[in-house]
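The file upload-v8.cif contains mmCIF, C-alpha atoms:
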```
data_target
loop_
_atom_site.label_atom_id
_atom_site.label_comp_id
_atom_site.auth_asym_id
_atom_site.auth_seq_id
_atom_site.Cartn_x
_atom_site.Cartn_y
_atom_site.Cartn_z
CA MET A 28 -15.30 -15.26 -6.55
CA ILE A 29 -16.07 -16.25 -2.98
CA VAL A 30 -19.70 -17.01 -2.14
CA THR A 31 -20.32 -15.44 1.23
CA GLY A 32 -22.44 -17.69 3.42
CA ARG A 33 -23.77 -17.03 6.87
CA ARG A 34 -20.69 -18.45 8.56
CA LEU A 35 -18.29 -16.06 6.80
CA THR A 36 -20.68 -13.16 7.33
CA ARG A 37 -20.81 -13.90 11.06
CA GLU A 38 -17.03 -14.14 11.16
CA LEU A 39 -16.71 -10.79 9.41
CA HIS A 40 -19.07 -9.06 11.85
CA ARG A 41 -17.16 -10.62 14.76
CA ILE A 42 -13.89 -9.29 13.34
CA LEU A 43 -15.32 -5.78 13.09
CA GLU A 44 -16.86 -5.92 16.56
CA THR A 45 -13.76 -7.31 18.29
CA GLU A 46 -11.22 -5.57 16.01
CA SER A 47 -9.46 -8.91 15.60
CA VAL A 48 -7.18 -8.06 12.71
CA HIS A 49 -3.43 -8.52 12.84
CA THR A 50 -0.85 -6.30 11.15
CA ILE A 51 2.54 -7.44 9.89
CA TYR A 52 5.15 -5.03 8.56
CA GLN A 53 7.16 -5.78 5.40
CA PRO A 54 10.38 -3.76 4.95
CA VAL A 55 10.82 -1.33 2.08
CA VAL A 56 14.54 -1.33 1.41
CA PRO A 57 17.00 0.53 -0.85
CA ILE A 58 17.68 -1.99 -3.58
CA ALA A 59 21.45 -1.85 -3.08
CA ALA A 60 22.76 -4.81 -1.07
CA GLY A 61 23.11 -4.37 2.66
CA ALA A 62 21.01 -1.22 2.94
CA ARG A 63 18.70 -0.63 5.89
CA PRO A 64 14.92 -0.20 5.47
CA ILE A 65 13.53 3.25 4.82
CA GLY A 66 10.14 2.09 6.06
CA TYR A 67 7.60 -0.71 6.25
CA GLU A 68 4.37 -1.59 4.47
CA ALA A 69 1.54 -2.54 6.82
CA LEU A 70 -0.14 -5.76 5.70
CA THR A 71 -3.36 -6.96 7.31
CA ARG A 72 -4.17 -10.53 8.23
CA GLY A 73 -7.52 -11.71 9.52
CA PRO A 74 -8.08 -14.43 12.10
CA GLY A 75 -7.77 -17.97 10.78
CA PRO A 76 -8.66 -20.17 9.24
CA HIS A 77 -11.26 -18.81 6.81
CA LEU A 78 -10.46 -15.08 6.69
CA LEU A 79 -6.72 -15.10 7.26
CA ASN A 80 -5.97 -14.08 3.68
CA PRO A 81 -6.58 -10.32 3.21
CA VAL A 82 -7.91 -10.82 -0.34
CA THR A 83 -10.56 -13.19 0.99
CA LEU A 84 -11.27 -10.94 3.96
CA PHE A 85 -11.86 -7.86 1.82
CA GLU A 86 -13.84 -9.75 -0.82
CA VAL A 87 -16.25 -10.96 1.84
CA ALA A 88 -16.45 -7.43 3.28
CA SER A 89 -17.11 -5.97 -0.18
CA GLN A 90 -19.98 -8.39 -0.79
CA ARG A 91 -21.55 -7.21 2.46
CA ALA A 92 -20.88 -3.48 1.78
CA LEU A 93 -18.48 -3.42 4.73
CA ALA A 94 -15.17 -2.92 2.92
CA ALA A 95 -14.78 0.73 3.97
CA PRO A 96 -15.36 0.10 7.72
CA LEU A 97 -12.93 -2.82 7.55
CA ASP A 98 -10.42 -0.61 5.73
CA GLN A 99 -10.73 2.03 8.43
CA LEU A 100 -10.08 -0.59 11.12
CA CYS A 101 -7.01 -1.92 9.28
CA CYS A 102 -5.62 1.56 8.72
CA ARG A 103 -6.02 2.57 12.36
CA HIS A 104 -4.46 -0.66 13.60
CA ALA A 105 -1.55 -0.23 11.18
CA VAL A 106 -0.76 3.14 12.74
CA GLU A 107 -1.41 2.11 16.34
CA ASN A 108 0.82 -0.98 16.15
CA PHE A 109 3.67 0.52 14.14
CA PRO A 110 6.83 -0.51 16.01
CA ASP A 111 9.00 2.04 17.77
CA ASP A 112 11.84 2.99 15.42
CA ASP A 113 14.11 4.68 18.00
CA GLY A 114 14.07 8.01 16.19
CA ALA A 115 14.87 6.57 12.76
CA ASP A 116 11.85 8.35 11.21
CA LEU A 117 10.89 5.26 9.20
CA LEU A 118 7.99 5.54 6.79
CA ILE A 119 4.82 3.51 7.13
CA PHE A 120 3.07 2.50 3.89
CA ILE A 121 -0.67 1.83 4.34
CA ASN A 122 -3.05 0.50 1.70
CA LEU A 123 -6.34 2.37 1.42
CA LEU A 124 -9.34 1.65 -0.76
CA PRO A 125 -10.34 4.61 -2.95
CA GLU A 126 -13.90 4.24 -1.65
CA SER A 127 -12.66 4.76 1.93
CA ILE A 128 -11.06 8.05 0.91
CA GLU A 129 -13.91 9.14 -1.35
CA SER A 130 -16.57 8.47 1.30
CA GLY A 131 -14.59 10.13 4.10
CA VAL A 132 -14.57 6.93 6.16
CA VAL A 133 -10.83 7.61 6.36
CA ASP A 134 -10.13 11.32 6.11
CA ALA A 135 -7.44 13.84 7.00
CA GLU A 136 -8.87 14.52 10.46
CA LYS A 137 -9.02 10.86 11.50
CA LEU A 138 -5.58 10.10 10.10
CA SER A 139 -4.09 13.12 11.85
CA GLN A 140 -5.56 12.02 15.17
CA TRP A 141 -4.29 8.46 14.80
CA VAL A 142 -0.74 9.49 13.94
CA ALA A 143 -0.70 12.13 16.70
CA ASN A 144 -1.72 9.47 19.23
CA ARG A 145 1.23 7.38 18.05
CA SER A 146 3.61 10.40 18.09
CA LEU A 147 4.18 10.12 14.34
CA THR A 148 4.26 12.96 11.85
CA PRO A 149 1.96 12.85 8.79
CA SER A 150 4.94 13.09 6.44
CA ARG A 151 6.00 9.61 7.58
CA VAL A 152 2.69 8.09 6.43
CA VAL A 153 2.42 7.00 2.77
CA LEU A 154 -1.08 6.08 1.62
CA GLU A 155 -1.12 3.47 -1.14
CA VAL A 156 -4.05 3.62 -3.56
CA THR A 157 -5.09 2.21 -6.93
CA GLU A 158 -7.60 3.51 -9.44
CA LYS A 159 -9.90 0.59 -8.74
CA LYS A 160 -13.42 1.66 -7.72
CA ILE A 161 -13.01 5.45 -7.82
CA GLY A 162 -16.67 6.31 -8.20
CA ASP A 163 -16.56 10.09 -7.97
CA PRO A 164 -13.13 11.47 -8.94
CA THR A 165 -14.06 15.02 -7.86
CA ARG A 166 -14.89 13.90 -4.33
CA PHE A 167 -11.91 11.54 -4.21
CA TYR A 168 -9.38 14.21 -5.17
CA ARG A 169 -10.97 16.74 -2.81
CA GLN A 170 -10.29 14.34 0.07
CA VAL A 171 -6.79 13.65 -1.26
CA SER A 172 -6.09 17.40 -1.32
CA GLN A 173 -7.09 17.69 2.33
CA MET A 174 -4.83 14.76 3.24
CA ARG A 175 -1.93 16.33 1.35
CA SER A 176 -2.53 19.65 3.12
CA ALA A 177 -2.27 17.77 6.42
CA GLY A 178 1.14 16.41 5.34
CA PHE A 179 0.36 12.85 4.24
CA ARG A 180 2.08 11.36 1.21
CA PHE A 181 0.84 8.99 -1.50
CA ALA A 182 1.89 5.98 -3.54
CA VAL A 183 0.20 4.48 -6.59
CA ASP A 184 0.06 0.74 -6.00
CA ASP A 185 -0.27 -2.25 -8.37
CA ILE A 186 1.41 -0.60 -11.37
CA GLY A 187 1.59 -3.26 -14.06
CA THR A 188 -1.79 -4.85 -13.29
CA GLY A 189 -4.98 -4.49 -15.29
CA TYR A 190 -6.00 -1.27 -13.56
CA SER A 191 -5.66 1.96 -15.52
CA ASN A 192 -2.95 3.58 -13.43
CA LEU A 193 -1.74 6.15 -15.97
CA ALA A 194 -4.55 8.58 -15.14
CA LEU A 195 -3.96 8.09 -11.43
CA LEU A 196 -0.21 8.67 -11.84
CA SER A 197 -0.81 11.95 -13.64
CA ASP A 198 -3.67 13.21 -11.45
CA LEU A 199 -2.41 12.12 -8.03
CA VAL A 200 1.30 12.96 -8.66
CA PRO A 201 2.42 10.47 -6.00
CA GLU A 202 5.70 10.40 -4.14
CA PHE A 203 6.09 6.65 -4.79
CA PHE A 204 5.34 4.31 -7.72
CA LYS A 205 4.91 0.67 -6.67
CA LEU A 206 5.42 -2.00 -9.31
CA ASP A 207 3.11 -4.97 -8.80
CA LEU A 208 4.84 -8.20 -7.78
CA ASP A 209 3.35 -10.19 -10.67
CA PHE A 210 4.78 -7.64 -13.11
CA VAL A 211 8.13 -7.67 -11.31
CA ARG A 212 8.52 -11.47 -11.38
CA LEU A 213 8.85 -11.69 -15.16
CA THR A 214 10.72 -8.45 -15.82
CA ARG A 215 14.15 -10.13 -15.55
CA VAL A 216 13.41 -12.30 -18.61
CA ARG A 217 11.29 -9.87 -20.64
CA PRO A 218 13.28 -7.03 -22.24
CA VAL A 219 10.14 -5.09 -23.21
CA ARG A 220 9.13 -4.90 -19.57
CA GLN A 221 12.60 -3.63 -18.75
CA LEU A 222 12.11 -0.80 -21.24
CA MET A 223 8.80 0.03 -19.55
CA VAL A 224 10.46 0.11 -16.13
CA GLU A 225 13.21 2.43 -17.42
CA ALA A 226 10.58 4.79 -18.84
CA LEU A 227 8.66 4.75 -15.58
CA VAL A 228 11.83 5.49 -13.59
CA ARG A 229 12.53 8.50 -15.83
CA PHE A 230 8.97 9.76 -15.41
CA ALA A 231 9.12 9.28 -11.64
CA GLY A 232 12.36 11.24 -11.48
CA GLN A 233 10.82 14.13 -13.42
CA ILE A 234 8.08 14.55 -10.80
CA GLY A 235 10.30 13.83 -7.79
CA ALA A 236 8.95 10.35 -7.07
CA MET A 237 10.69 7.06 -6.23
CA VAL A 238 9.96 3.61 -7.68
CA VAL A 239 9.46 0.52 -5.50
CA ALA A 240 9.67 -2.99 -6.99
CA GLU A 241 7.53 -5.44 -5.04
CA GLY A 242 8.17 -9.17 -5.08
CA ILE A 243 11.99 -9.10 -5.16
CA GLU A 244 12.93 -12.70 -4.37
CA SER A 245 16.61 -13.07 -5.27
CA PRO A 246 19.84 -11.06 -5.62
CA ALA A 247 19.50 -11.51 -9.40
CA ASP A 248 16.08 -9.82 -9.33
CA ALA A 249 17.48 -6.98 -7.24
CA GLU A 250 20.43 -6.48 -9.60
CA VAL A 251 18.18 -6.21 -12.65
CA PHE A 252 16.05 -3.52 -11.05
CA ARG A 253 19.09 -1.71 -9.68
CA LEU A 254 20.49 -1.50 -13.20
CA LEU A 255 17.13 -0.23 -14.44
CA GLY A 256 17.32 2.63 -11.93
CA VAL A 257 14.71 1.42 -9.42
CA GLN A 258 15.59 2.77 -5.98
CA LEU A 259 13.57 0.60 -3.57
CA GLY A 260 12.51 -3.02 -3.21
CA GLN A 261 10.18 -5.24 -1.22
CA GLY A 262 9.88 -8.98 -1.07
CA PHE A 263 11.25 -12.28 0.15
CA LEU A 264 14.87 -11.18 -0.32
CA TYR A 265 14.41 -8.44 2.29
CA ARG A 266 12.54 -10.45 4.88
CA PRO A 267 13.69 -9.91 8.47
CA ALA A 268 16.26 -12.46 9.64
#
```
I need this file expressed as C-alpha cells, please.
Amino acid sequence: MIVTGRRLTRELHRILETESVHTIYQPVVPIAAGARPIGYEALTRGPGPHLLNPVTLFEVASQRALAAPLDQLCCRHAVENFPDDDGADLLIFINLLPESIESGVVDAEKLSQWVANRSLTPSRVVLEVTEKKIGDPTRFYRQVSQMRSAGFRFAVDDIGTGYSNLALLSDLVPEFFKLDLDFVRLTRVRPVRQLMVEALVRFAGQIGAMVVAEGIESPADAEVFRLLGVQLGQGFLYRPA
C-alpha cells in the first residue's frame, strides 16, 4: 500500500486541475497470426516520475476519495484522443471503476456527448468493469441499463483474479470476457486452467460474447489460446511495429 504524503497529494490535484494524463492504445487483435486489430484498449499513464504508473495513480486518488473524478478524466481523454481509424469502425475499450458508474460521475449522457464530439457511435465503445467495489448493485445496474439503452457495450475485466466475477458475468451479460494477464501467463503449462478457459469460451458463445486473452507474449501463447477457442488477444506479441 502506498502512503500518500503531501507531495503526492499535491501532484494528484495538479493532474486533475491541468488534466495532465496521457492515453496509450493497446491493440486488441484476432488471435490468428497476421490479423488486423478489431480495436484498442485505452490505457492511462500519469505524469512522471511518481504517478506514471496507473496503479499508483489510482491508489493515491482512492486514498483521497478522488478516484471517480480521476476516472472521469481518463475516460473522457480516452475518447477525445482516440486516433482516426479511416472508417475502419475500430472499437475502443475503456476501463471504468464501478463506483464511477454507480455514482453517475460517468453516465450515459456524458458518454454520449463525448463520443458524439469525437464522431464515434456508442456501439464502438466497450466499457470494461470488474466487480470490485460495487457498493449498491441496484444503482450500479440501473446506470448500466441506461448505458446499454444508449448503445454502449460492456466487458468483464480481470477474469481469473481474486475478484468474484461469476456474479458479474451472469448479471451484466457482457459482450466481451477479458482473461487477466496473470492468469493467461501460466495457462500454457497448467492443463486445469486450459479446461477452465474452454468452459469459459463455451459459456461466452452461449450468450453471444467473445473472449480476450490479455498478456499474450509469444506465438506459443497465442497458439494455445487459439486451440482453446479464444478469439482475441492483447499483449506484447501484438505491439505496434
>> Could you list, as a ChimeraX atom specification, every residue matched by the PyMOL selection byres ((chain A and resi 171) around 9) in this structure?
In response: /A:128-129,134-135,166-170,172-176,181,199
>> Need the shell around Pro81 of chain A: protein/DNA/RNA residues with any atom at most 12 Å away, counting only C-alpha atoms. Skip same-chain ones fewer than 6 positions apart. Format as a list in words?
In response: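 With the cut-off at 12 Å, the set is Leu39, Val48, His49, Thr50, Ile51, Ala69, Leu70, Thr71, Arg72, Gly73, Pro74, Gly75, Val87, Ala88, Ser89, Ala94, Leu97, Asp98, Cys101 and Asn122 of chain A.
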>> Calculated over all atoms listed in the file, which of the candidates A:His104, A:Ser197, A:Thr36, A:Lys137 has the smallest distance to Glu86 of chain A?
In response: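 Comparing A:His104, A:Ser197, A:Thr36, A:Lys137 against Glu86 of chain A, the winner is A:Thr36.
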> With distances taken over only C-alpha atoms, which of A:Gly232, A:Val106, A:Pro57, A:Thr157 is nearest to Gln258 of chain A?
Replying inline: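 Looking at the shortest contact to Gln258 of chain A, the residue is A:Pro57.
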> On this structure, which residues satisfy the PyMOL selection byres ((chain A and resi 255) around 8), written as an MDAnalysis selection string?
Replying inline: chainID A and resid 221 224:225 228 251:254 256:257
>> Could you check the closest approach to Ser146 of chain A for each of A:Asn80, A:Arg41, A:Glu202, A:Pro110 and tell me which residue wins, using only C-alpha atoms?
In response: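 Comparing A:Asn80, A:Arg41, A:Glu202, A:Pro110 against Ser146 of chain A, the winner is A:Pro110.
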Would you mind listing what lies within 8 Å of Asp207 of chain A as a PDB file with C-alpha atoms, keeping the file's coordinate frame, with only C-alpha atoms counted and same-chain residues fewer than 4 positions away left out?
```
ATOM      1  CA  ASP A 184       0.060   0.740  -6.000  1.00  0.00           C
ATOM      2  CA  ASP A 185      -0.270  -2.250  -8.370  1.00  0.00           C
ATOM      3  CA  ILE A 186       1.410  -0.600 -11.370  1.00  0.00           C
ATOM      4  CA  GLY A 187       1.590  -3.260 -14.060  1.00  0.00           C
ATOM      5  CA  THR A 188      -1.790  -4.850 -13.290  1.00  0.00           C
ATOM      6  CA  VAL A 211       8.130  -7.670 -11.310  1.00  0.00           C
ATOM      7  CA  ALA A 240       9.670  -2.990  -6.990  1.00  0.00           C
ATOM      8  CA  GLU A 241       7.530  -5.440  -5.040  1.00  0.00           C
ATOM      9  CA  GLY A 242       8.170  -9.170  -5.080  1.00  0.00           C
TER      10      GLY A 242
END
```
>> Going by the chain IDs and residue numbers used in this file, which residues fall under the PyMOL selection byres ((chain A and resi 204) around 8)? Write them as a list in words.
In response: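 Answer for the PyMOL selection byres ((chain A and resi 204) around 8): Ala182, Val183, Asp184, Ile186, Pro201, Glu202, Phe203, Lys205, Leu206, Ala231, Ala236, Met237, Val238 and Val239 of chain A.
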>> So the first atom is atom CA of Gly66 of chain A and the second is atom CA of Pro54 of chain A; what is the distance between them in Å, to one decimal place?
In response: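 For atom CA of Gly66 of chain A relative to atom CA of Pro54 of chain A, the distance reads 6.0 Å.
If you look at atom CA of Glu244 of chain A and atom CA of Arg220 of chain A, they are 17.5 Å away from each other.
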>> Counting all atoms listed in the file, which residue out of A:Thr45, A:Ser127, A:Gln261, A:Asn144 sits closest to Lys160 of chain A?
In response: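 Of A:Thr45, A:Ser127, A:Gln261, A:Asn144, the one nearest Lys160 of chain A, counting all atoms listed in the file, is A:Ser127.
The shortest atom-to-atom distance to Ser150 of chain A, with all atoms listed in the file taken into account, belongs to A:Gly178 out of A:Gly131, A:Gly178, A:Gly162, A:Pro125.
One finds atom CA of Ala249 of chain A at 24.9 Å from atom CA of Leu193 of chain A.
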>> Nearest residue to Gly260 of chain A out of A:Leu117, A:Val55, A:Ala92, A:Val142, using all atoms listed in the file?
In response: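 Between A:Leu117, A:Val55, A:Ala92, A:Val142, the residue approaching Gly260 of chain A most closely is A:Val55.
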